[in-house]
Each structure stands twice: as structure tokens, then as C-alpha cells.
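Have a look at structure.cif; it's mmCIF, C-alpha atoms and all ligand atoms:
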data_start
loop_
_atom_site.group_PDB
_atom_site.id
_atom_site.type_symbol
_atom_site.label_atom_id
_atom_site.label_comp_id
_atom_site.auth_asym_id
_atom_site.auth_seq_id
_atom_site.Cartn_x
_atom_site.Cartn_y
_atom_site.Cartn_z
ATOM 1 C CA MET A 416 0.000 0.000 0.000
ATOM 2 C CA PRO A 417 1.154 3.578 -0.536
ATOM 3 C CA ARG A 418 3.131 5.165 2.222
ATOM 4 C CA ASP A 419 1.230 8.024 3.778
ATOM 5 C CA ASN A 420 3.951 10.591 4.129
ATOM 6 C CA ALA A 421 4.216 11.727 0.526
ATOM 7 C CA LEU A 422 0.590 11.114 -0.336
ATOM 8 C CA ASN A 423 -1.127 13.075 2.393
ATOM 9 C CA ASP A 424 1.142 16.058 2.593
ATOM 10 C CA THR A 425 0.182 18.367 -0.223
ATOM 11 C CA SER A 426 2.565 21.207 0.547
ATOM 12 C CA ASP A 427 4.725 22.426 -2.293
ATOM 13 C CA THR A 428 7.893 21.086 -0.706
ATOM 14 C CA VAL A 429 6.901 17.409 -0.815
ATOM 15 C CA LEU A 430 7.898 15.630 -3.966
ATOM 16 C CA LEU A 431 6.671 12.350 -5.373
ATOM 17 C CA LEU A 432 10.023 11.276 -6.768
ATOM 18 C CA GLY A 433 12.769 10.950 -4.168
ATOM 19 C CA SER A 434 16.520 10.555 -4.398
ATOM 20 C CA GLU A 435 16.175 6.803 -4.984
ATOM 21 C CA ASP A 436 13.788 7.234 -7.901
ATOM 22 C CA VAL A 437 15.070 7.596 -11.456
ATOM 23 C CA PRO A 438 13.996 10.487 -13.690
ATOM 24 C CA PRO A 439 10.919 9.641 -15.779
ATOM 25 C CA VAL A 440 12.449 10.570 -19.123
ATOM 26 C CA ARG A 441 15.164 8.670 -20.920
ATOM 27 C CA GLU A 442 16.500 9.315 -24.377
ATOM 28 C CA TYR A 443 18.425 7.246 -26.866
ATOM 29 C CA ASN A 444 20.389 8.338 -29.909
ATOM 30 C CA GLU A 445 19.734 12.046 -29.357
ATOM 31 C CA ALA A 446 21.931 13.019 -32.284
ATOM 32 C CA GLY A 447 20.164 10.599 -34.634
ATOM 33 C CA SER A 448 19.793 11.917 -38.173
ATOM 34 C CA SER A 449 16.518 10.175 -39.064
ATOM 35 C CA PRO A 450 13.385 12.239 -39.761
ATOM 36 C CA PHE A 451 11.518 9.711 -37.605
ATOM 37 C CA LEU A 452 11.189 10.727 -33.953
ATOM 38 C CA LEU A 453 10.282 7.697 -31.863
ATOM 39 C CA THR A 454 8.245 7.990 -28.659
ATOM 40 C CA CYS A 455 7.367 5.316 -26.125
ATOM 41 C CA ASP A 456 4.732 6.418 -23.603
ATOM 42 C CA HIS A 457 4.357 3.025 -21.926
ATOM 43 C CA TYR A 458 8.010 1.954 -21.997
ATOM 44 C CA GLY A 459 8.457 1.246 -18.281
ATOM 45 C CA ARG A 460 6.679 -0.152 -15.250
ATOM 46 C CA LEU A 461 8.532 1.576 -12.430
ATOM 47 C CA ILE A 462 6.568 2.900 -9.469
ATOM 48 C CA PRO A 463 7.876 5.789 -7.341
ATOM 49 C CA ARG A 464 9.031 4.422 -3.976
ATOM 50 C CA ALA A 465 6.564 6.662 -2.136
ATOM 51 C CA LEU A 466 3.677 4.831 -3.833
ATOM 52 C CA GLY A 467 4.832 1.359 -2.761
ATOM 53 C CA ASP A 468 3.179 -1.232 -4.990
ATOM 54 C CA LEU A 469 -0.067 0.729 -5.508
ATOM 55 C CA GLY A 470 -1.709 -2.025 -3.475
ATOM 56 C CA LEU A 471 -1.190 -4.600 -6.226
ATOM 57 C CA PRO A 472 0.558 -7.994 -6.191
ATOM 58 C CA ALA A 473 3.693 -8.387 -8.300
ATOM 59 C CA SER A 474 1.737 -10.573 -10.737
ATOM 60 C CA GLU A 475 -0.412 -7.559 -11.707
ATOM 61 C CA LEU A 476 2.541 -5.182 -11.933
ATOM 62 C CA THR A 477 4.188 -7.244 -14.669
ATOM 63 C CA ARG A 478 1.023 -7.540 -16.807
ATOM 64 C CA HIS A 479 0.065 -5.404 -19.767
ATOM 65 C CA ILE A 480 -2.005 -3.159 -17.499
ATOM 66 C CA ALA A 481 1.253 -1.779 -16.053
ATOM 67 C CA TRP A 482 3.193 -1.224 -19.293
ATOM 68 C CA ASP A 483 3.528 -2.142 -22.968
ATOM 69 C CA ILE A 484 5.248 -5.527 -22.746
ATOM 70 C CA GLY A 485 8.096 -5.957 -25.236
ATOM 71 C CA ILE A 486 8.016 -2.498 -26.759
ATOM 72 C CA ALA A 487 11.083 -1.224 -24.870
ATOM 73 C CA GLY A 488 13.374 -3.668 -26.640
ATOM 74 C CA VAL A 489 11.779 -3.047 -30.034
ATOM 75 C CA ALA A 490 12.068 0.722 -29.578
ATOM 76 C CA GLU A 491 15.732 0.667 -28.569
ATOM 77 C CA VAL A 492 16.813 -1.571 -31.463
ATOM 78 C CA LEU A 493 14.663 0.346 -33.951
ATOM 79 C CA SER A 494 16.226 3.599 -32.764
ATOM 80 C CA ARG A 495 19.695 2.212 -33.495
ATOM 81 C CA HIS A 496 18.756 0.738 -36.878
ATOM 82 C CA LEU A 497 17.067 3.910 -38.113
ATOM 83 C CA ASP A 498 19.544 6.260 -36.419
ATOM 84 C CA ALA A 499 16.440 7.844 -34.880
ATOM 85 C CA HIS A 500 16.045 9.831 -31.664
ATOM 86 C CA LEU A 501 13.954 7.848 -29.157
ATOM 87 C CA ILE A 502 12.351 9.344 -26.059
ATOM 88 C CA VAL A 503 10.714 7.097 -23.457
ATOM 89 C CA GLN A 504 8.842 7.383 -20.145
ATOM 90 C CA ARG A 505 9.884 4.887 -17.491
ATOM 91 C CA TYR A 506 7.084 4.929 -14.892
ATOM 92 C CA SER A 507 4.056 2.646 -15.072
ATOM 93 C CA ARG A 508 0.903 3.828 -16.798
ATOM 94 C CA LEU A 509 -0.843 2.840 -13.554
ATOM 95 C CA VAL A 510 0.877 5.802 -11.829
ATOM 96 C CA ILE A 511 -0.177 8.196 -14.576
ATOM 97 C CA ASP A 512 -0.857 7.339 -18.197
ATOM 98 C CA CYS A 513 1.354 9.470 -20.424
ATOM 99 C CA ASN A 514 -0.908 8.879 -23.417
ATOM 100 C CA ARG A 515 -4.095 10.228 -21.829
ATOM 101 C CA PRO A 516 -5.168 13.833 -21.383
ATOM 102 C CA PRO A 517 -4.753 14.483 -17.643
ATOM 103 C CA HIS A 518 -8.423 15.446 -17.281
ATOM 104 C CA VAL A 519 -9.856 12.047 -18.325
ATOM 105 C CA ALA A 520 -10.645 9.325 -15.778
ATOM 106 C CA SER A 521 -8.178 6.833 -17.277
ATOM 107 C CA SER A 522 -5.250 9.223 -16.697
ATOM 108 C CA ILE A 523 -4.794 7.754 -13.204
ATOM 109 C CA PRO A 524 -6.930 4.633 -13.557
ATOM 110 C CA LEU A 525 -9.061 3.287 -10.735
ATOM 111 C CA ILE A 526 -9.544 0.118 -12.743
ATOM 112 C CA SER A 527 -7.564 -1.356 -15.649
ATOM 113 C CA GLU A 528 -9.110 -4.214 -17.628
ATOM 114 C CA ALA A 529 -10.628 -6.037 -14.605
ATOM 115 C CA THR A 530 -8.079 -5.020 -11.965
ATOM 116 C CA THR A 531 -8.870 -2.397 -9.320
ATOM 117 C CA ILE A 532 -5.868 -0.189 -8.442
ATOM 118 C CA PRO A 533 -6.112 0.405 -4.665
ATOM 119 C CA GLY A 534 -3.325 3.005 -4.638
ATOM 120 C CA ASN A 535 -5.317 5.176 -7.043
ATOM 121 C CA GLU A 536 -8.525 5.209 -4.994
ATOM 122 C CA GLY A 537 -9.534 8.403 -3.283
ATOM 123 C CA ILE A 538 -6.414 10.378 -4.130
ATOM 124 C CA SER A 539 -6.681 14.136 -3.794
ATOM 125 C CA ARG A 540 -6.466 16.608 -6.638
ATOM 126 C CA ASP A 541 -3.096 17.744 -5.280
ATOM 127 C CA VAL A 542 -1.694 14.214 -5.345
ATOM 128 C CA ALA A 543 -2.893 13.780 -8.912
ATOM 129 C CA LYS A 544 -1.254 17.105 -9.784
ATOM 130 C CA MET A 545 2.022 15.920 -8.273
ATOM 131 C CA ARG A 546 2.051 12.799 -10.466
ATOM 132 C CA ARG A 547 1.382 15.006 -13.459
ATOM 133 C CA ALA A 548 4.027 17.574 -12.525
ATOM 134 C CA GLU A 549 6.783 15.024 -11.909
ATOM 135 C CA ILE A 550 6.122 12.323 -14.522
ATOM 136 C CA PHE A 551 3.688 13.392 -17.231
ATOM 137 C CA ASP A 552 4.811 17.014 -17.672
ATOM 138 C CA PRO A 553 8.594 16.440 -17.909
ATOM 139 C CA TYR A 554 8.065 13.789 -20.588
ATOM 140 C CA HIS A 555 5.785 15.907 -22.725
ATOM 141 C CA ARG A 556 7.804 19.070 -22.143
ATOM 142 C CA ARG A 557 10.878 17.255 -23.439
ATOM 143 C CA ILE A 558 9.077 15.982 -26.549
ATOM 144 C CA ASP A 559 8.014 19.578 -27.210
ATOM 145 C CA GLU A 560 11.586 20.814 -26.800
ATOM 146 C CA ILE A 561 12.964 18.127 -29.096
ATOM 147 C CA ILE A 562 10.504 19.013 -31.853
ATOM 148 C CA ASP A 563 11.268 22.741 -31.411
ATOM 149 C CA GLN A 564 15.010 22.087 -31.597
ATOM 150 C CA ARG A 565 14.659 19.948 -34.705
ATOM 151 C CA ARG A 566 12.599 22.674 -36.353
ATOM 152 C CA HIS A 567 15.227 25.309 -35.529
ATOM 153 C CA ARG A 568 17.919 23.084 -37.009
ATOM 154 C CA GLY A 569 15.847 22.594 -40.161
ATOM 155 C CA LEU A 570 15.297 18.878 -39.547
ATOM 156 C CA PRO A 571 11.982 17.324 -40.528
ATOM 157 C CA THR A 572 10.097 15.419 -37.834
ATOM 158 C CA VAL A 573 7.801 12.475 -38.448
ATOM 159 C CA LEU A 574 6.403 11.191 -35.163
ATOM 160 C CA VAL A 575 6.160 7.429 -34.656
ATOM 161 C CA SER A 576 4.495 6.510 -31.364
ATOM 162 C CA LEU A 577 5.370 2.945 -30.360
ATOM 163 C CA HIS A 578 3.026 0.710 -28.342
ATOM 164 C CA SER A 579 2.153 -2.940 -27.817
ATOM 165 C CA PHE A 580 -1.184 -4.617 -27.130
ATOM 166 C CA THR A 581 -2.264 -7.676 -25.191
ATOM 167 C CA PRO A 582 -3.279 -10.660 -27.378
ATOM 168 C CA ILE A 583 -6.470 -11.228 -25.376
ATOM 169 C CA TYR A 584 -8.427 -8.322 -23.921
ATOM 170 C CA ALA A 585 -11.506 -8.872 -21.757
ATOM 171 C CA GLY A 586 -11.705 -12.430 -23.077
ATOM 172 C CA ILE A 587 -11.574 -11.477 -26.765
ATOM 173 C CA ARG A 588 -8.671 -12.785 -28.847
ATOM 174 C CA ARG A 589 -7.189 -10.195 -31.194
ATOM 175 C CA PRO A 590 -6.212 -11.408 -34.657
ATOM 176 C CA TRP A 591 -3.795 -8.656 -35.722
ATOM 177 C CA HIS A 592 -0.017 -8.979 -35.499
ATOM 178 C CA ILE A 593 0.449 -5.234 -35.823
ATOM 179 C CA GLY A 594 -1.716 -2.177 -36.338
ATOM 180 C CA THR A 595 -1.298 1.431 -37.395
ATOM 181 C CA LEU A 596 -3.157 4.098 -35.407
ATOM 182 C CA TYR A 597 -3.954 7.499 -36.773
ATOM 183 C CA HIS A 598 -6.576 10.227 -37.017
ATOM 184 C CA ARG A 599 -5.833 13.524 -38.763
ATOM 185 C CA ASP A 600 -2.659 12.714 -40.712
ATOM 186 C CA THR A 601 -3.616 10.984 -43.937
ATOM 187 C CA HIS A 602 -0.097 10.632 -45.396
ATOM 188 C CA LEU A 603 1.979 8.335 -43.230
ATOM 189 C CA ALA A 604 -0.384 5.642 -41.964
ATOM 190 C CA PRO A 605 -1.586 4.604 -45.465
ATOM 191 C CA LEU A 606 2.046 4.215 -46.559
ATOM 192 C CA VAL A 607 2.899 2.164 -43.479
ATOM 193 C CA LEU A 608 -0.229 0.054 -44.016
ATOM 194 C CA LYS A 609 0.716 -0.568 -47.642
ATOM 195 C CA HIS A 610 4.190 -1.736 -46.677
ATOM 196 C CA LEU A 611 2.971 -3.892 -43.790
ATOM 197 C CA ARG A 612 0.341 -5.514 -46.017
ATOM 198 C CA ALA A 613 3.051 -6.417 -48.506
ATOM 199 C CA GLU A 614 4.526 -8.685 -45.808
ATOM 200 C CA PRO A 615 2.954 -12.075 -46.595
ATOM 201 C CA ASP A 616 2.856 -13.368 -43.014
ATOM 202 C CA LEU A 617 1.059 -10.478 -41.304
ATOM 203 C CA VAL A 618 -2.494 -9.708 -40.260
ATOM 204 C CA VAL A 619 -2.454 -5.902 -40.198
ATOM 205 C CA GLY A 620 -4.881 -3.707 -38.283
ATOM 206 C CA ASP A 621 -6.047 -0.418 -39.818
ATOM 207 C CA ASN A 622 -6.792 1.669 -36.725
ATOM 208 C CA GLU A 623 -6.992 -1.625 -34.839
ATOM 209 C CA PRO A 624 -6.947 -2.581 -32.027
ATOM 210 C CA TYR A 625 -7.323 1.140 -31.270
ATOM 211 C CA ALA A 626 -7.820 4.374 -33.151
ATOM 212 C CA VAL A 627 -6.339 7.717 -32.155
ATOM 213 C CA SER A 628 -8.708 10.259 -30.611
ATOM 214 C CA ASP A 629 -8.385 13.424 -28.558
ATOM 215 C CA GLU A 630 -9.995 11.729 -25.544
ATOM 216 C CA THR A 631 -8.026 8.476 -25.555
ATOM 217 C CA ASP A 632 -4.624 9.748 -26.721
ATOM 218 C CA TYR A 633 -2.240 12.564 -25.934
ATOM 219 C CA THR A 634 1.110 12.141 -27.699
ATOM 220 C CA ILE A 635 -0.141 12.058 -31.298
ATOM 221 C CA PRO A 636 -2.868 14.740 -30.990
ATOM 222 C CA VAL A 637 -0.775 17.181 -28.981
ATOM 223 C CA HIS A 638 2.716 16.779 -30.411
ATOM 224 C CA ALA A 639 2.034 15.762 -33.996
ATOM 225 C CA GLU A 640 -1.467 16.736 -35.080
ATOM 226 C CA ALA A 641 -1.479 20.139 -33.360
ATOM 227 C CA ARG A 642 1.826 20.968 -35.079
ATOM 228 C CA GLY A 643 0.850 19.516 -38.438
ATOM 229 C CA LEU A 644 3.512 16.788 -38.293
ATOM 230 C CA MET A 645 3.092 13.499 -40.092
ATOM 231 C CA ASN A 646 2.602 10.697 -37.620
ATOM 232 C CA THR A 647 1.456 7.200 -36.927
ATOM 233 C CA GLY A 648 0.999 5.008 -33.910
ATOM 234 C CA ILE A 649 2.346 1.472 -34.139
ATOM 235 C CA GLU A 650 0.847 -1.297 -32.000
ATOM 236 C CA ILE A 651 2.562 -4.710 -31.921
ATOM 237 C CA ARG A 652 0.947 -7.758 -30.330
ATOM 238 C CA GLN A 653 2.745 -8.591 -27.112
ATOM 239 C CA ASP A 654 3.113 -12.349 -27.576
ATOM 240 C CA LEU A 655 5.232 -11.655 -30.685
ATOM 241 C CA ILE A 656 7.733 -9.516 -28.765
ATOM 242 C CA GLY A 657 7.783 -11.408 -25.479
ATOM 243 C CA ASP A 658 11.468 -12.299 -25.762
ATOM 244 C CA GLN A 659 14.639 -10.778 -27.134
ATOM 245 C CA ALA A 660 14.468 -12.691 -30.410
ATOM 246 C CA GLY A 661 10.954 -11.373 -31.035
ATOM 247 C CA GLU A 662 11.921 -7.822 -30.173
ATOM 248 C CA GLN A 663 14.917 -8.012 -32.484
ATOM 249 C CA SER A 664 13.044 -9.452 -35.451
ATOM 250 C CA TRP A 665 10.218 -6.894 -35.170
ATOM 251 C CA ALA A 666 12.686 -4.049 -34.835
ATOM 252 C CA ASP A 667 14.527 -5.376 -37.921
ATOM 253 C CA ARG A 668 11.294 -5.566 -39.873
ATOM 254 C CA LEU A 669 10.118 -2.091 -38.885
ATOM 255 C CA ALA A 670 13.551 -0.615 -39.618
ATOM 256 C CA ARG A 671 13.404 -2.097 -43.115
ATOM 257 C CA ILE A 672 9.864 -0.773 -43.677
ATOM 258 C CA PHE A 673 10.528 2.753 -42.353
ATOM 259 C CA GLY A 674 13.781 2.700 -44.326
ATOM 260 C CA GLU A 675 11.719 2.105 -47.472
ATOM 261 C CA ILE A 676 9.166 4.773 -46.545
ATOM 262 C CA GLU A 677 11.669 7.585 -45.921
ATOM 263 C CA PRO A 678 12.708 7.988 -49.596
ATOM 264 C CA VAL A 679 9.040 7.896 -50.634
ATOM 265 C CA LEU A 680 8.294 10.804 -48.288
ATOM 266 C CA ARG A 681 11.321 12.675 -49.652
ATOM 267 C CA ALA A 682 10.319 12.025 -53.266
ATOM 268 C CA GLU A 683 6.858 13.396 -52.540
ATOM 269 C CA ARG A 684 8.487 16.395 -50.813
ATOM 270 C CA LEU A 685 6.595 15.616 -47.614
ATOM 271 C CA ILE A 686 9.826 15.865 -45.608
HETATM 272 ZN ZN ZN B 701 0.857 1.833 -25.082
#
Could the structure of this file be written out as C-alpha cells, please?
Amino acid sequence: MPRDNALNDTSDTVLLLGSEDVPPVREYNEAGSSPFLLTCDHYGRLIPRALGDLGLPASELTRHIAWDIGIAGVAEVLSRHLDAHLIVQRYSRLVIDCNRPPHVASSIPLISEATTIPGNEGISRDVAKMRRAEIFDPYHRRIDEIIDQRRHRGLPTVLVSLHSFTPIYAGIRRPWHIGTLYHRDTHLAPLVLKHLRAEPDLVVGDNEPYAVSDETDYTIPVHAEARGLMNTGIEIRQDLIGDQAGEQSWADRLARIFGEIEPVLRAERLI
């Protein structure tokens, strides 16, 4: 269960993250030359020490409700292969979901799939604000800065938001191996879909298992759509990237596909 000291004291001097907690943001390949900027909102499953285990057994904290299983390895290898800047957020989505607008109920979920999150019950507005200020805001502020810096340096930015999905959700088996997620950008996702569908062994989701919306997403609407940047979400099924070999082969495949897409975007003068 959460420790009381940090949770109940709402004065400005109390911080959520202590000296033993790592910063939420981590970056890879910051000098990467690729037009693709990779983000990973659900990269990690850390919990700030002050929040204990959120009242959950370890078996729940390693499930998909806590993070996007397998995507960390895919993202890191893909970043190297594409020479692309990757920015990730290391705390669990159960602490605060970095791909939800902070005002929606699922930002700090009381329930995820069928699991109640005791450590999220009855928290004050100030405690919620602290999670936002120390985890959500630094991550999104840094993405903003990166895009600003790239613009000032004359580098194009195409946002690729990396996620993974559980093979069975609420008892329903999902048939797709991979899906593209998009809303307002009509350039990138169709190209990615075309290339993925040319792979003979894949069942490809078109805005499946999720579609991007302003209520259920944050990274794509705020950082890409609001700035007019091309973008797509990528969702990979978690059983395919459950070990290092799976992560590697999916990163190899995506690097090949995005490597084929980049010259197409250049030829069409989209970047
Ligand atoms: Zn995700």
C-alpha cells in the first residue's frame, strides 16, 4: 500500500520522486539523423518508492495493465537501426498514463481491464497534480523541446508513437499482429499500411486494435497533429515480442519498412 507521508502532505515542498527514484524521461540516440522521432509512452513499469506497490501484487505489476510488454526492446533496437532519436517514459501507466489527457478518468486509472488499483482510490487533486508535474509534464515538455530544436535546425520530424497490445483483452482474442493508429494525418499511416500488407505473413490492423482520438490519446494529438507533423501510432501484439528474439526481429522488420518509406516521403516532398 502507498506510504502516507508523501501522499497526504500536499505542501509544495513534498515531492513524489525521491533521491532513490530515477527520472521519468530517458533518451536514446539524441543526435540521430533520421526524420523519424520515436516515442514510447508506456516503456516502463517503475513505481515511485513513495507509492509502494499501488496495493497490487507483483503478478499484476508485470502484466500489460502496467506497461507495454516488449516495446522497450523493439524501440531501442529500432532507434539504433534507423539512427532515430527515441524518447521514453519509465514509470508505469498505472501511476499516470502518459498517453491520456490528464483530465480524463483513465489518466490515473481506478480500474484497468478487470483489476482495481487500490493506490489510485480516493487520491486528492493535489496528489494527482504531483504525479502530473513530476512524470507526465517532464516527458511531454521534453518531446516539445525536441521538436522545437529539430525545427530550428531545419530537420523534418515524423512522429512514430510505439506501443504494444495484449493478445487477449476482456476475453476477446485479437487477430492482428500489428496495427497502425492514426486520425488527422492521412499521409503516413496509409504508406505504413501498404508496406505492412506487402509482408505475406502479417495480419495488419487499420486503426486496430485502437484508433487515435483526442480523448483516448495525448502524444499524437498534442505533439504531432497540433503541429501539423506526419505521424502514426504502431501497435505490436505482445506475444510476438515477449522475448529478445521477437523484439529483435520486429525491430529489424520495422527498420526495413521505415527505411523504405523515408525515400518515398522525400520524393513526394513531404519531408
Ligand atoms: Zn501503449
Next item on the list: Extract, using only C-alpha atoms, all DNA, RNA and protein residues at most 9 Å from Trp482 (chain A), discarding same-chain residues fewer than 3 positions from it, and format them as number ranges by chain.
Entry: A: 456-460, 476-479, 486, 506-509, 579
Preceding selection exported with C-alpha atoms as a PDB file, keeping the file's coordinate frame:
ATOM      1  CA  ASP A 456       4.732   6.418 -23.603  1.00  0.00           C
ATOM      2  CA  HIS A 457       4.357   3.025 -21.926  1.00  0.00           C
ATOM      3  CA  TYR A 458       8.010   1.954 -21.997  1.00  0.00           C
ATOM      4  CA  GLY A 459       8.457   1.246 -18.281  1.00  0.00           C
ATOM      5  CA  ARG A 460       6.679  -0.152 -15.250  1.00  0.00           C
ATOM      6  CA  LEU A 476       2.541  -5.182 -11.933  1.00  0.00           C
ATOM      7  CA  THR A 477       4.188  -7.244 -14.669  1.00  0.00           C
ATOM      8  CA  ARG A 478       1.023  -7.540 -16.807  1.00  0.00           C
ATOM      9  CA  HIS A 479       0.065  -5.404 -19.767  1.00  0.00           C
ATOM     10  CA  ILE A 486       8.016  -2.498 -26.759  1.00  0.00           C
ATOM     11  CA  TYR A 506       7.084   4.929 -14.892  1.00  0.00           C
ATOM     12  CA  SER A 507       4.056   2.646 -15.072  1.00  0.00           C
ATOM     13  CA  ARG A 508       0.903   3.828 -16.798  1.00  0.00           C
ATOM     14  CA  LEU A 509      -0.843   2.840 -13.554  1.00  0.00           C
ATOM     15  CA  SER A 579       2.153  -2.940 -27.817  1.00  0.00           C
TER      16      SER A 579
END
Notebook entry, point to check: Between A:His578, A:Leu655, A:Gly643, A:Thr530, which is the closest to Ser474 (chain A) once you count all atoms listed in the file?
Noted result: A:Thr530
Next item on the list: Rounded to one decimal place, report the CA of Thr601 (chain A)-CA of Asp616 (chain A) distance in Å.
Entry: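 The value is 25.2 Å.
Neighbouring residues of Leu611 (chain A) at 12 Å or closer, counting only C-alpha atoms and skipping chain neighbours under 3 positions away, are Trp591, His592, Ile593, Gly594, Thr595, Ala604, Pro605, Leu606, Val607, Leu608, Glu614, Pro615, Asp616, Leu617, Val618, Val619, Gly620, Asp621, Ile649, Ile651, Trp665, Arg668, Leu669, Ala670, Arg671, Ile672, Phe673, Glu675 and Ile676 of chain A.
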Write the residues you've just listed into a file as a CSV table (one decimal), in the coordinates of the input, and include C-alpha atoms for each of them.
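Just written: result.csv:
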chain,number,residue,atom,x,y,z
A,591,TRP,CA,-3.8,-8.7,-35.7
A,592,HIS,CA,0.0,-9.0,-35.5
A,593,ILE,CA,0.4,-5.2,-35.8
A,594,GLY,CA,-1.7,-2.2,-36.3
A,595,THR,CA,-1.3,1.4,-37.4
A,604,ALA,CA,-0.4,5.6,-42.0
A,605,PRO,CA,-1.6,4.6,-45.5
A,606,LEU,CA,2.0,4.2,-46.6
A,607,VAL,CA,2.9,2.2,-43.5
A,608,LEU,CA,-0.2,0.1,-44.0
A,614,GLU,CA,4.5,-8.7,-45.8
A,615,PRO,CA,3.0,-12.1,-46.6
A,616,ASP,CA,2.9,-13.4,-43.0
A,617,LEU,CA,1.1,-10.5,-41.3
A,618,VAL,CA,-2.5,-9.7,-40.3
A,619,VAL,CA,-2.5,-5.9,-40.2
A,620,GLY,CA,-4.9,-3.7,-38.3
A,621,ASP,CA,-6.0,-0.4,-39.8
A,649,ILE,CA,2.3,1.5,-34.1
A,651,ILE,CA,2.6,-4.7,-31.9
A,665,TRP,CA,10.2,-6.9,-35.2
A,668,ARG,CA,11.3,-5.6,-39.9
A,669,LEU,CA,10.1,-2.1,-38.9
A,670,ALA,CA,13.6,-0.6,-39.6
A,671,ARG,CA,13.4,-2.1,-43.1
A,672,ILE,CA,9.9,-0.8,-43.7
A,673,PHE,CA,10.5,2.8,-42.4
A,675,GLU,CA,11.7,2.1,-47.5
A,676,ILE,CA,9.2,4.8,-46.5
Note to self: Could you check the closest approach to Asn622 (chain A) for each of A:Gly648, A:Pro553, A:Pro439, A:Pro517 and tell me which residue wins, using all atoms listed in the file?
What the structure shows: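 Closest residue, counting all atoms listed in the file: A:Gly648.
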Margin query: What's around Arg515 (chain A) at 8 Å? Count all atoms listed in the file, leave out sequence neighbours fewer than 6 positions away in its own chain, and write the answer as a ChimeraX atom specification.
Written below: /A:521-522,630-633
Margin query: On this structure, the PyMOL selection byres (((chain A and resi 558) around 10) and not hetatm) would catch which residues? List them as a PyMOL selection string, sorted by chain and number.
Written below: chain A and resi 440+452-454+501-503+552-557+559-564+634+638
Next item on the list: Please write as number ranges by chain the full residue list that the PyMOL selection byres (((chain A and resi 463) around 8) and not hetatm) yields on this file.
Entry: A: 431-433, 436, 461-462, 464-467, 506
Would you kindly return, as a PDB file with C-alpha atoms, in the frame of the given file, each protein, DNA or RNA residue with an atom no farther than 9 Å from any atom of Asp654 (chain A), considering only C-alpha atoms and excluding same-chain residues fewer than 3 positions away?
ATOM      1  CA  ILE A 484       5.248  -5.527 -22.746  1.00  0.00           C
ATOM      2  CA  GLY A 485       8.096  -5.957 -25.236  1.00  0.00           C
ATOM      3  CA  PHE A 580      -1.184  -4.617 -27.130  1.00  0.00           C
ATOM      4  CA  THR A 581      -2.264  -7.676 -25.191  1.00  0.00           C
ATOM      5  CA  PRO A 582      -3.279 -10.660 -27.378  1.00  0.00           C
ATOM      6  CA  ILE A 651       2.562  -4.710 -31.921  1.00  0.00           C
ATOM      7  CA  GLY A 657       7.783 -11.408 -25.479  1.00  0.00           C
ATOM      8  CA  ASP A 658      11.468 -12.299 -25.762  1.00  0.00           C
ATOM      9  CA  GLY A 661      10.954 -11.373 -31.035  1.00  0.00           C
TER      10      GLY A 661
END
Notebook entry, point to check: Smallest atom-to-atom distance to ligand ZN 701 (chain B): which of A:Leu471, A:Ala487, A:Val573, A:Ile526, using only C-alpha atoms and all ligand atoms?
Noted result: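 Once distances to ligand ZN 701 (chain B) are computed over only C-alpha atoms and all ligand atoms, the minimum belongs to A:Ala487.
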Next item on the list: Enumerate, as an NGL selection string, the residues matched when the PyMOL selection byres (((chain A and resi 491) around 10) and not hetatm) is run on the file above.
Entry: :A and (442-444 or 453 or 455 or 486-490 or 492-496 or 499-503 or 662-663 or 666)
